[in-house]
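Engineer: input30.csv is reproduced below (CSV, C-alpha atoms and all ligand atoms).
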chain,number,residue,atom,x,y,z
A,1,MET,CA,-16.6,-3.0,-43.8
A,2,THR,CA,-20.3,-3.4,-43.5
A,3,GLY,CA,-22.8,-6.2,-43.6
A,4,ASN,CA,-23.0,-9.5,-41.8
A,5,THR,CA,-19.6,-10.9,-42.6
A,6,ALA,CA,-17.9,-10.6,-39.3
A,7,ALA,CA,-15.3,-13.3,-40.0
A,8,GLY,CA,-11.8,-11.8,-40.0
A,9,ALA,CA,-13.1,-8.4,-38.8
A,10,ALA,CA,-11.1,-6.4,-36.2
A,11,ILE,CA,-14.3,-5.3,-34.5
A,12,SER,CA,-17.7,-6.7,-35.2
A,13,PHE,CA,-21.2,-5.8,-33.9
A,14,GLU,CA,-23.9,-8.4,-34.6
A,15,GLY,CA,-27.5,-7.5,-33.9
A,16,VAL,CA,-26.3,-5.4,-30.9
A,17,GLY,CA,-28.9,-3.7,-28.7
A,18,LYS,CA,-28.4,-1.8,-25.4
A,19,ALA,CA,-31.2,-0.7,-23.1
A,20,PHE,CA,-30.7,1.4,-20.0
A,21,ALA,CA,-33.1,1.9,-17.1
A,22,GLY,CA,-34.8,5.2,-17.7
A,23,PRO,CA,-36.8,7.4,-15.3
A,24,GLY,CA,-39.9,6.0,-13.8
A,25,GLY,CA,-39.1,2.4,-14.7
A,26,THR,CA,-38.9,3.1,-18.4
A,27,ARG,CA,-36.3,1.7,-20.7
A,28,VAL,CA,-34.0,3.8,-22.9
A,29,HIS,CA,-33.0,2.0,-26.0
A,30,ALA,CA,-29.5,3.5,-26.7
A,31,LEU,CA,-28.8,1.0,-29.5
A,32,GLU,CA,-31.0,-1.3,-31.5
A,33,ASP,CA,-30.0,-4.1,-33.9
A,34,VAL,CA,-26.6,-2.7,-34.7
A,35,THR,CA,-24.6,-4.8,-37.2
A,36,LEU,CA,-21.3,-3.5,-38.4
A,37,ALA,CA,-17.9,-5.1,-39.2
A,38,VAL,CA,-14.7,-3.1,-39.1
A,39,GLU,CA,-11.9,-4.6,-41.2
A,40,PRO,CA,-8.4,-4.8,-39.8
A,41,GLY,CA,-6.4,-1.6,-40.6
A,42,ALA,CA,-9.6,0.5,-41.4
A,43,ILE,CA,-10.3,3.9,-39.9
A,44,CYS,CA,-14.0,3.8,-39.3
A,45,GLY,CA,-15.8,7.0,-38.4
A,46,ILE,CA,-19.2,6.7,-36.6
A,47,ILE,CA,-21.1,10.0,-37.0
A,48,GLY,CA,-24.3,10.9,-35.3
A,49,ARG,CA,-26.0,13.7,-33.4
A,50,SER,CA,-26.0,14.1,-29.6
A,51,GLY,CA,-27.7,11.1,-28.0
A,52,ALA,CA,-27.6,9.0,-31.1
A,53,GLY,CA,-25.7,6.2,-29.3
A,54,LYS,CA,-22.1,6.8,-30.4
A,55,SER,CA,-20.5,6.6,-27.0
A,56,THR,CA,-22.5,3.6,-26.0
A,57,LEU,CA,-21.3,1.8,-29.2
A,58,LEU,CA,-17.7,2.8,-28.6
A,59,ARG,CA,-17.7,1.8,-25.0
A,60,MET,CA,-18.9,-1.7,-25.9
A,61,VAL,CA,-15.6,-2.4,-27.7
A,62,ASN,CA,-13.6,-2.3,-24.5
A,63,GLY,CA,-16.3,-3.8,-22.4
A,64,LEU,CA,-17.2,-0.6,-20.5
A,65,GLU,CA,-20.8,-1.3,-21.6
A,66,ARG,CA,-22.2,-4.7,-22.2
A,67,PRO,CA,-24.8,-5.4,-24.9
A,68,THR,CA,-28.3,-6.4,-23.7
A,69,SER,CA,-28.7,-8.3,-27.0
A,70,GLY,CA,-26.4,-9.4,-29.8
A,71,THR,CA,-22.6,-9.8,-29.8
A,72,VAL,CA,-19.6,-7.5,-29.9
A,73,THR,CA,-16.3,-9.1,-30.8
A,74,VAL,CA,-12.7,-7.8,-31.0
A,75,ALA,CA,-10.4,-10.0,-33.1
A,76,GLY,CA,-13.0,-12.7,-32.8
A,77,ARG,CA,-13.2,-12.5,-29.0
A,78,ASP,CA,-16.6,-12.0,-27.5
A,79,VAL,CA,-16.3,-8.8,-25.4
A,80,GLY,CA,-19.8,-8.8,-23.8
A,81,ARG,CA,-19.3,-12.3,-22.3
A,82,ALA,CA,-15.7,-11.9,-21.3
A,83,GLY,CA,-14.8,-11.4,-17.6
A,84,GLY,CA,-11.7,-11.3,-15.4
A,85,ALA,CA,-8.5,-12.2,-17.2
A,86,GLY,CA,-10.3,-12.5,-20.6
A,87,LEU,CA,-11.6,-9.0,-20.4
A,88,ARG,CA,-8.2,-7.7,-19.3
A,89,THR,CA,-6.6,-9.3,-22.3
A,90,ILE,CA,-9.1,-7.8,-24.6
A,91,ARG,CA,-8.6,-4.3,-23.0
A,92,ARG,CA,-4.8,-4.5,-23.4
A,93,GLY,CA,-5.5,-4.8,-27.1
A,94,VAL,CA,-7.8,-1.8,-27.2
A,95,GLY,CA,-6.4,1.7,-26.6
A,96,MET,CA,-8.7,4.7,-26.1
A,97,ILE,CA,-8.4,8.5,-26.4
A,98,PHE,CA,-10.9,11.1,-25.1
A,99,GLN,CA,-12.2,14.5,-25.9
A,100,HIS,CA,-10.9,16.0,-22.6
A,101,PHE,CA,-7.7,13.9,-22.7
A,102,ASN,CA,-8.2,12.3,-19.2
A,103,LEU,CA,-4.6,12.9,-18.1
A,104,LEU,CA,-3.5,12.7,-14.5
A,105,SER,CA,-2.6,16.3,-13.6
A,106,SER,CA,-0.1,15.1,-10.9
A,107,ARG,CA,1.9,13.1,-13.4
A,108,THR,CA,4.3,14.3,-16.0
A,109,VAL,CA,4.0,13.5,-19.7
A,110,ALA,CA,6.3,10.5,-19.2
A,111,GLY,CA,4.4,9.5,-16.1
A,112,ASN,CA,1.1,9.6,-17.8
A,113,ILE,CA,2.3,7.5,-20.8
A,114,ALA,CA,4.0,5.0,-18.4
A,115,LEU,CA,0.8,4.4,-16.4
A,116,PRO,CA,-0.7,1.5,-18.5
A,117,LEU,CA,2.7,-0.1,-18.5
A,118,GLU,CA,3.0,0.1,-14.8
A,119,ILE,CA,-0.4,-1.4,-14.4
A,120,ALA,CA,0.5,-4.2,-16.7
A,121,GLY,CA,3.6,-4.9,-14.5
A,122,THR,CA,6.2,-4.0,-17.2
A,123,PRO,CA,9.8,-3.9,-15.8
A,124,ALA,CA,11.0,-0.3,-15.2
A,125,PRO,CA,13.8,-0.3,-17.8
A,126,ASP,CA,11.4,-1.5,-20.4
A,127,ILE,CA,8.9,1.2,-19.4
A,128,ARG,CA,11.6,3.9,-19.8
A,129,ALA,CA,12.6,2.7,-23.3
A,130,ARG,CA,9.0,2.3,-24.4
A,131,VAL,CA,8.0,5.8,-23.1
A,132,ALA,CA,10.9,7.4,-24.9
A,133,ASP,CA,9.9,5.7,-28.1
A,134,LEU,CA,6.3,6.8,-27.7
A,135,ILE,CA,7.2,10.4,-26.9
A,136,ALA,CA,9.2,10.6,-30.2
A,137,ARG,CA,6.4,8.8,-32.1
A,138,VAL,CA,3.8,11.4,-31.2
A,139,GLY,CA,6.2,14.4,-31.6
A,140,LEU,CA,6.6,15.4,-27.9
A,141,ASP,CA,10.4,15.4,-27.8
A,142,GLY,CA,11.7,17.6,-25.0
A,143,LEU,CA,8.4,17.6,-23.1
A,144,ALA,CA,8.8,14.4,-21.0
A,145,GLY,CA,9.1,16.3,-17.7
A,146,ARG,CA,6.2,18.7,-18.3
A,147,TYR,CA,2.9,18.5,-16.4
A,148,PRO,CA,-0.5,18.5,-18.3
A,149,ALA,CA,-1.2,22.1,-17.1
A,150,GLU,CA,1.9,23.2,-19.0
A,151,LEU,CA,0.8,21.8,-22.3
A,152,SER,CA,-1.5,23.0,-25.1
A,153,GLY,CA,-4.6,21.0,-26.0
A,154,GLY,CA,-2.9,19.5,-29.0
A,155,GLN,CA,0.1,18.4,-26.9
A,156,LYS,CA,-2.3,16.9,-24.3
A,157,GLN,CA,-4.0,14.9,-26.9
A,158,ARG,CA,-0.6,13.6,-28.1
A,159,VAL,CA,0.1,12.4,-24.6
A,160,GLY,CA,-3.3,10.7,-24.7
A,161,ILE,CA,-2.5,9.0,-27.9
A,162,ALA,CA,1.0,7.9,-26.6
A,163,ARG,CA,-0.6,6.5,-23.5
A,164,ALA,CA,-3.3,4.7,-25.6
A,165,LEU,CA,-0.5,3.1,-27.6
A,166,ALA,CA,1.6,2.1,-24.6
A,167,THR,CA,0.4,-1.5,-24.4
A,168,GLN,CA,0.7,-1.9,-28.2
A,169,PRO,CA,-3.0,-2.3,-28.9
A,170,ARG,CA,-4.4,-3.5,-32.2
A,171,VAL,CA,-7.4,-1.3,-32.0
A,172,LEU,CA,-7.6,2.4,-31.1
A,173,LEU,CA,-10.9,4.0,-30.0
A,174,SER,CA,-11.3,7.7,-30.3
A,175,ASP,CA,-14.1,9.4,-28.4
A,176,GLU,CA,-14.5,12.9,-30.0
A,177,ALA,CA,-10.7,13.3,-29.7
A,178,THR,CA,-10.5,16.5,-31.7
A,179,SER,CA,-13.8,18.2,-30.5
A,180,ALA,CA,-12.0,20.4,-27.9
A,181,LEU,CA,-9.3,21.5,-30.3
A,182,ASP,CA,-9.0,24.4,-32.7
A,183,PRO,CA,-9.2,23.6,-36.5
A,184,GLU,CA,-5.5,23.7,-37.1
A,185,THR,CA,-4.6,21.5,-34.1
A,186,THR,CA,-7.4,19.2,-35.2
A,187,GLN,CA,-5.6,18.7,-38.5
A,188,THR,CA,-2.3,17.9,-36.9
A,189,VAL,CA,-3.9,15.4,-34.5
A,190,LEU,CA,-5.8,13.7,-37.3
A,191,ARG,CA,-2.6,13.5,-39.4
A,192,LEU,CA,-0.9,11.8,-36.4
A,193,LEU,CA,-3.8,9.3,-36.1
A,194,ALA,CA,-3.6,8.6,-39.9
A,195,ASP,CA,0.2,8.1,-39.6
A,196,ILE,CA,-0.2,5.7,-36.7
A,197,ASN,CA,-2.9,3.8,-38.6
A,198,ARG,CA,-0.7,3.4,-41.6
A,199,ASP,CA,2.6,2.7,-39.8
A,200,LEU,CA,1.3,0.4,-37.1
A,201,GLY,CA,-1.6,-1.1,-39.0
A,202,LEU,CA,-3.9,-0.2,-36.1
A,203,THR,CA,-7.6,-0.4,-36.6
A,204,VAL,CA,-9.2,2.9,-35.6
A,205,LEU,CA,-12.9,3.3,-34.5
A,206,LEU,CA,-13.7,7.0,-33.9
A,207,ILE,CA,-16.9,8.7,-33.0
A,208,THR,CA,-17.6,12.3,-34.0
A,209,HIS,CA,-20.4,14.7,-34.7
A,210,GLU,CA,-18.2,16.4,-37.4
A,211,MET,CA,-18.4,15.2,-41.0
A,212,ALA,CA,-15.1,17.0,-41.7
A,213,VAL,CA,-13.3,14.6,-39.3
A,214,VAL,CA,-14.8,11.6,-41.2
A,215,ARG,CA,-13.9,13.2,-44.6
A,216,ASP,CA,-10.3,13.9,-43.5
A,217,ILE,CA,-9.4,10.6,-42.0
A,218,ALA,CA,-11.9,7.8,-42.2
A,219,SER,CA,-11.7,5.0,-44.9
A,220,HIS,CA,-15.1,3.8,-43.8
A,221,MET,CA,-18.0,5.4,-42.0
A,222,ALA,CA,-21.4,4.7,-40.4
A,223,VAL,CA,-24.2,7.1,-39.7
A,224,ILE,CA,-26.0,6.4,-36.5
A,225,GLU,CA,-29.4,7.9,-35.6
A,226,GLY,CA,-31.7,7.0,-32.7
A,227,GLY,CA,-29.5,4.0,-31.8
A,228,ARG,CA,-29.6,2.5,-35.3
A,229,ILE,CA,-27.0,2.5,-38.1
A,230,VAL,CA,-28.9,4.2,-41.0
A,231,GLU,CA,-26.1,4.1,-43.5
A,232,SER,CA,-22.6,2.6,-43.7
A,233,GLY,CA,-19.8,1.8,-46.1
A,234,PRO,CA,-16.6,3.2,-47.7
A,235,THR,CA,-16.5,7.0,-46.9
A,236,TYR,CA,-16.0,7.9,-50.5
A,237,ASP,CA,-19.0,5.9,-51.7
A,238,ILE,CA,-21.2,7.5,-49.1
A,239,PHE,CA,-20.0,11.0,-49.9
A,240,ALA,CA,-20.8,10.3,-53.6
A,241,ARG,CA,-24.2,8.7,-53.0
A,242,PRO,CA,-25.7,9.5,-49.7
A,243,THR,CA,-29.0,7.7,-49.3
A,244,HIS,CA,-30.3,8.7,-45.9
A,245,PRO,CA,-31.5,12.2,-45.1
A,246,THR,CA,-29.4,12.4,-41.9
A,247,THR,CA,-26.3,11.6,-43.9
A,248,ARG,CA,-27.2,14.3,-46.4
A,249,SER,CA,-27.7,16.9,-43.7
A,250,PHE,CA,-24.3,16.0,-42.2
A,251,LEU,CA,-22.8,16.3,-45.7
A,252,GLY,CA,-24.4,19.7,-46.1
A,253,GLY,CA,-21.8,21.1,-43.7
A,254,VAL,CA,-18.7,20.0,-45.5
A,255,THR,CA,-19.6,19.9,-49.2
A,256,GLY,CA,-21.1,22.4,-51.6
A,257,LEU,CA,-24.5,20.9,-51.0
A,258,THR,CA,-26.1,23.9,-49.3
A,259,LEU,CA,-28.1,26.1,-51.7
A,260,PRO,CA,-27.7,29.8,-51.3
A,261,GLY,CA,-30.6,31.3,-49.4
A,262,PHE,CA,-31.9,33.4,-52.4
A,263,ILE,CA,-32.4,30.2,-54.4
A,264,ALA,CA,-33.5,27.9,-51.6
A,265,GLY,CA,-36.4,30.2,-50.7
A,266,ARG,CA,-37.7,30.1,-54.3
A,267,MET,CA,-37.4,26.4,-55.0
A,268,GLU,CA,-40.4,24.4,-56.1
A,269,GLU,CA,-40.5,20.6,-56.1
A,270,ALA,CA,-42.5,20.2,-59.3
A,271,ARG,CA,-41.6,21.8,-62.6
A,272,PRO,CA,-43.8,24.8,-63.0
A,273,ASP,CA,-45.7,25.7,-66.2
A,274,GLY,CA,-43.8,28.3,-68.2
A,275,PRO,CA,-40.1,29.1,-68.3
A,276,SER,CA,-38.0,27.8,-65.3
A,277,ASP,CA,-34.6,26.6,-64.4
A,278,GLU,CA,-33.8,23.2,-63.1
A,279,VAL,CA,-31.5,23.0,-60.1
A,280,ILE,CA,-29.2,20.0,-60.3
A,281,ARG,CA,-26.7,18.6,-57.9
A,282,VAL,CA,-23.7,17.2,-59.8
A,283,THR,CA,-21.3,15.0,-58.0
A,284,PHE,CA,-17.9,14.7,-59.4
A,285,ALA,CA,-16.1,11.5,-58.3
A,286,GLY,CA,-12.6,10.2,-59.0
A,287,THR,CA,-10.7,11.7,-61.9
A,288,HIS,CA,-13.8,13.4,-63.2
A,289,ALA,CA,-13.5,15.9,-60.4
A,290,THR,CA,-11.0,17.9,-62.5
A,291,ASP,CA,-12.7,17.5,-65.8
A,292,PRO,CA,-14.1,20.7,-67.3
A,293,MET,CA,-17.5,19.0,-67.8
A,294,LEU,CA,-19.6,22.2,-67.6
A,295,SER,CA,-17.7,23.9,-70.3
A,296,LYS,CA,-18.0,20.8,-72.5
A,297,LEU,CA,-21.8,20.9,-71.8
A,298,ALA,CA,-21.8,24.4,-73.2
A,299,THR,CA,-19.6,23.8,-76.2
A,300,GLU,CA,-20.8,20.3,-77.3
A,301,LEU,CA,-24.5,20.7,-76.5
A,302,GLY,CA,-24.9,24.5,-76.3
A,303,ILE,CA,-26.4,24.2,-72.8
A,304,ALA,CA,-25.4,27.1,-70.5
A,305,SER,CA,-25.3,26.4,-66.8
A,306,ASN,CA,-25.1,28.7,-63.7
A,307,ILE,CA,-23.0,27.5,-60.8
A,308,LEU,CA,-24.9,28.2,-57.6
A,309,ALA,CA,-22.6,26.6,-55.1
A,310,GLY,CA,-19.8,24.1,-55.0
A,311,ALA,CA,-16.7,22.7,-53.6
A,312,ILE,CA,-14.0,20.4,-54.7
A,313,GLU,CA,-12.1,18.7,-51.9
A,314,GLU,CA,-10.4,15.4,-51.0
A,315,VAL,CA,-12.2,12.5,-49.4
A,316,GLY,CA,-9.3,10.3,-48.3
A,317,PRO,CA,-6.9,10.4,-51.2
A,318,HIS,CA,-9.6,11.0,-53.9
A,319,PRO,CA,-10.7,14.2,-55.4
A,320,PHE,CA,-14.4,14.7,-54.8
A,321,GLY,CA,-16.7,17.6,-55.8
A,322,ASN,CA,-20.2,18.7,-55.5
A,323,LEU,CA,-21.6,21.4,-57.6
A,324,LEU,CA,-25.1,22.9,-57.6
A,325,ILE,CA,-26.0,24.2,-61.0
A,326,SER,CA,-29.1,25.5,-62.8
A,327,VAL,CA,-29.9,25.0,-66.4
A,328,ASP,CA,-32.9,25.8,-68.6
A,329,ALA,CA,-35.5,23.3,-67.4
A,330,GLN,CA,-36.4,22.4,-71.0
A,331,ARG,CA,-32.9,21.1,-71.5
A,332,GLY,CA,-32.4,19.6,-68.0
A,333,ALA,CA,-32.9,16.0,-69.0
A,334,GLU,CA,-30.5,16.3,-71.9
A,335,ALA,CA,-27.9,18.0,-69.7
A,336,ARG,CA,-28.2,15.3,-67.0
A,337,ALA,CA,-28.0,12.5,-69.5
A,338,TYR,CA,-24.8,14.0,-70.9
A,339,LEU,CA,-23.2,14.4,-67.5
A,340,GLU,CA,-24.2,10.9,-66.4
A,341,ARG,CA,-22.8,9.5,-69.7
A,342,HIS,CA,-19.5,11.0,-68.7
A,343,GLY,CA,-19.5,9.3,-65.3
A,344,LEU,CA,-20.9,12.1,-63.1
A,345,LEU,CA,-23.8,11.7,-60.8
A,346,THR,CA,-26.8,14.0,-61.0
A,347,LYS,CA,-29.9,14.7,-59.0
A,348,VAL,CA,-32.7,17.2,-59.6
A,349,LEU,CA,-33.2,19.3,-56.4
A,350,GLY,CA,-36.0,21.4,-57.7
A,351,TYR,CA,-37.1,24.2,-60.0
A,352,VAL,CA,-36.9,28.0,-59.9
A,353,ARG,CA,-39.1,30.3,-62.0
B,1,LIG,N1,-25.8,5.0,-18.3
B,1,LIG,C1,-26.9,5.4,-18.9
B,1,LIG,N2,-28.1,5.3,-18.3
B,1,LIG,C2,-29.2,5.7,-18.9
B,1,LIG,N3,-29.3,6.2,-20.1
B,1,LIG,C3,-28.1,6.3,-20.8
B,1,LIG,C4,-26.9,5.9,-20.2
B,1,LIG,N4,-25.9,6.1,-21.1
B,1,LIG,C5,-26.5,6.6,-22.2
B,1,LIG,N5,-27.8,6.7,-22.1
B,1,LIG,C6,-28.8,7.2,-23.1
B,1,LIG,O1,-28.6,6.5,-24.3
B,1,LIG,C7,-28.7,7.3,-25.4
B,1,LIG,C8,-27.4,7.3,-26.2
B,1,LIG,O2,-26.4,7.9,-25.5
B,1,LIG,P1,-24.9,8.1,-26.0
B,1,LIG,O3,-24.1,8.8,-24.9
B,1,LIG,O4,-24.4,6.8,-26.4
B,1,LIG,O5,-25.1,9.0,-27.2
B,1,LIG,P2,-24.0,9.9,-28.0
B,1,LIG,O6,-24.3,9.7,-29.5
B,1,LIG,O7,-22.6,9.5,-27.6
B,1,LIG,O8,-24.3,11.4,-27.5
B,1,LIG,P3,-23.2,12.6,-27.2
B,1,LIG,O9,-22.7,12.9,-28.6
B,1,LIG,O10,-24.1,13.6,-26.7
B,1,LIG,O11,-22.2,12.0,-26.3
B,1,LIG,C9,-29.1,8.7,-24.8
B,1,LIG,O12,-30.5,8.7,-24.9
B,1,LIG,C10,-28.6,8.6,-23.4
B,1,LIG,O13,-29.4,9.5,-22.6
Take the structure in the file and give it back as structure tokens.
Ligand SMILES: Nc1ncnc2c1ncn2[C@@H]1O[C@H](COP(=O)(O)OP(=O)(O)OP(=O)(O)O)[C@@H](O)[C@H]1O
Structural biologist:
Amino acid sequence: MTGNTAAGAAISFEGVGKAFAGPGGTRVHALEDVTLAVEPGAICGIIGRSGAGKSTLLRMVNGLERPTSGTVTVAGRDVGRAGGAGLRTIRRGVGMIFQHFNLLSSRTVAGNIALPLEIAGTPAPDIRARVADLIARVGLDGLAGRYPAELSGGQKQRVGIARALATQPRVLLSDEATSALDPETTQTVLRLLADINRDLGLTVLLITHEMAVVRDIASHMAVIEGGRIVESGPTYDIFARPTHPTTRSFLGGVTGLTLPGFIAGRMEEARPDGPSDEVIRVTFAGTHATDPMLSKLATELGIASNILAGAIEEVGPHPFGNLLISVDAQRGAEARAYLERHGLLTKVLGYVR
């Protein structure tokens, strides 16, 4: 997904910058030198904190914002320089869903879904057939005549998704689409997006501040901070080997990376003189996630380990685990070498006396 190779990409950002006029004649640099290529059929999650530049990035894909430098292309078409009919063509190929759904309260479910087709001048009989298909596709059978006020949040988002799909776009943009939903409804909406991605081959670009959303649905991800992409690549690789501190702090919320307070408060960076325990993060990737490596460490090397925190979960279709363990610091190097030899990743986090 990442890098400079934009050829063949569904969406590509090349050296993109965006500056807004700030207070008192200042300039706010919302994006700086963003380069990212999203391959056709990928689900790419952009994660970042409030104000990092996520919305600005997303809005460039359908031309709601134009870059002040660099180039944004969708299926090879330059969005920033398109105007009039060219921009309308690009926009027809890019659907968008929103955190607060943005439905028209005066229109029924069917009426909301029909709107983009009416605007595109689609004949009425075709609209009726297409709307019926879309209602079935998103699981809203029987609700065509309801008004938004009569729907749950999850149902409203399904209407939003159906409306976004009405003009058969090749790209779907999702602006915090599950942020207003409860966890269970979030899961059903994410599953629907994953099904649509798979069945229709749509490319999905989603922005979120929740790593769990990225973990559950995104094949690729990018972390944005202060308007710059600080890390990007396949989601699984980044979960296994996060390099940037911001990525690590986002990961702390969804993996077993957070040390319990009673250990965290006593950790020292350097190994102290005298007896101590080494605290190690062990990342289990792929099939190793289910291997009983710690018991092998005990039986084959006689090294006992304490499990301090951990979780095994799924990132996309792959099992993935993070364990925080402690071992006698004198045997730490030996334990890490053994685990690494067996395909696990290790990192010393510190020492506890
Ligand atoms: N139209 C605008 N005029 C001036 N500044 C803007 C404008 N739009 C965004 N910004 C600024 O650009 C920066 C990035 O904003 P953006 O909305 O893209 O961030 P975000 O990551 O989407 O944040 P959030 O999660 O809070 O929506 C912020 O400093 C914001 O104040």
Engineer: So, counting only C-alpha atoms, which residue among A:Ala240, A:Leu193, A:Arg353, A:Glu314 is closest to Arg271 in chain A?
Structural biologist: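 Of the candidates, the smallest distance to Arg271 in chain A is held by A:Arg353.
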Engineer: Here is a test: counting all atoms listed in the file, which residue of A:Ile47, A:Ala194, A:Leu64, A:Ala110 is nearest to Arg88 in chain A?
Structural biologist: A:Leu64
Engineer: What's around Asp33 in chain A at 7 Å? Count all atoms listed in the file, leave out sequence neighbours fewer than 5 positions away in its own chain, and write the answer as a ChimeraX atom specification.
Structural biologist: /A:15-17,228
Engineer: Under the rule that only C-alpha atoms and all ligand atoms are counted, which of A:Ser12, A:Gln99, A:Asn62, A:Asn112 is the nearest residue to ligand LIG 1 (chain B)?
Structural biologist: A:Gln99
Engineer: Would you mind listing, for every residue of chain A within 9 Å of ligand LIG 1 (chain B), the two atoms forming the shortest contact and the distance between them in Å to one decimal, using all atoms listed in the file, sorted by chain and ascending residue number, as a tab-separated table?
Structural biologist:
residue	atom	partner	partner_atom	distance
A:Lys18	CA	B:LIG1	O1	8.4
A:Ala19	CA	B:LIG1	O1	7.7
A:Phe20	CA	B:LIG1	C2	4.7
A:Ala21	CA	B:LIG1	C2	5.7
A:Gly22	CA	B:LIG1	C2	5.7
A:Pro23	CA	B:LIG1	C2	8.6
A:Arg27	CA	B:LIG1	N3	8.3
A:Val28	CA	B:LIG1	N3	6.0
A:His29	CA	B:LIG1	O1	6.5
A:Ala30	CA	B:LIG1	O1	3.9
A:Leu31	CA	B:LIG1	C8	7.2
A:Ile47	CA	B:LIG1	O6	8.2
A:Gly48	CA	B:LIG1	O6	5.9
A:Arg49	CA	B:LIG1	O6	5.8
A:Ser50	CA	B:LIG1	O10	3.5
A:Gly51	CA	B:LIG1	O5	3.4
A:Ala52	CA	B:LIG1	O6	3.7
A:Gly53	CA	B:LIG1	O4	3.2
A:Lys54	CA	B:LIG1	O6	3.7
A:Ser55	CA	B:LIG1	O7	3.6
A:Thr56	CA	B:LIG1	O4	3.7
A:Leu57	CA	B:LIG1	O4	6.5
A:Leu58	CA	B:LIG1	O4	8.1
A:Arg59	CA	B:LIG1	O4	8.5
A:Glu65	CA	B:LIG1	N1	8.7
A:Asp175	CA	B:LIG1	O7	8.5
A:Glu176	CA	B:LIG1	O9	8.3
A:Ile207	CA	B:LIG1	O7	7.9
A:Thr208	CA	B:LIG1	O9	7.5
A:His209	CA	B:LIG1	O9	6.8
A:Ile224	CA	B:LIG1	O6	7.9
A:Glu225	CA	B:LIG1	O6	8.2
A:Gly226	CA	B:LIG1	C8	7.8
A:Gly227	CA	B:LIG1	C8	6.8
Engineer: So, with all atoms listed in the file as the atoms that count, which of A:Ala180, A:Glu231, A:Gly145, A:Ala136 lies closest to Leu36 in chain A?
Structural biologist: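 Ranking A:Ala180, A:Glu231, A:Gly145, A:Ala136 by distance to Leu36 in chain A, first place goes to A:Glu231.
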Engineer: Would you mind reading off the distance between CA of Thr283 in chain A and CA of Asp182 in chain A, one decimal, in Å?
Structural biologist: 29.7 Å
Engineer: At what distance in Å, to one decimal, does CA of Gln157 in chain A lie from CA of Ile238 in chain A?
Structural biologist: 29.0 Å
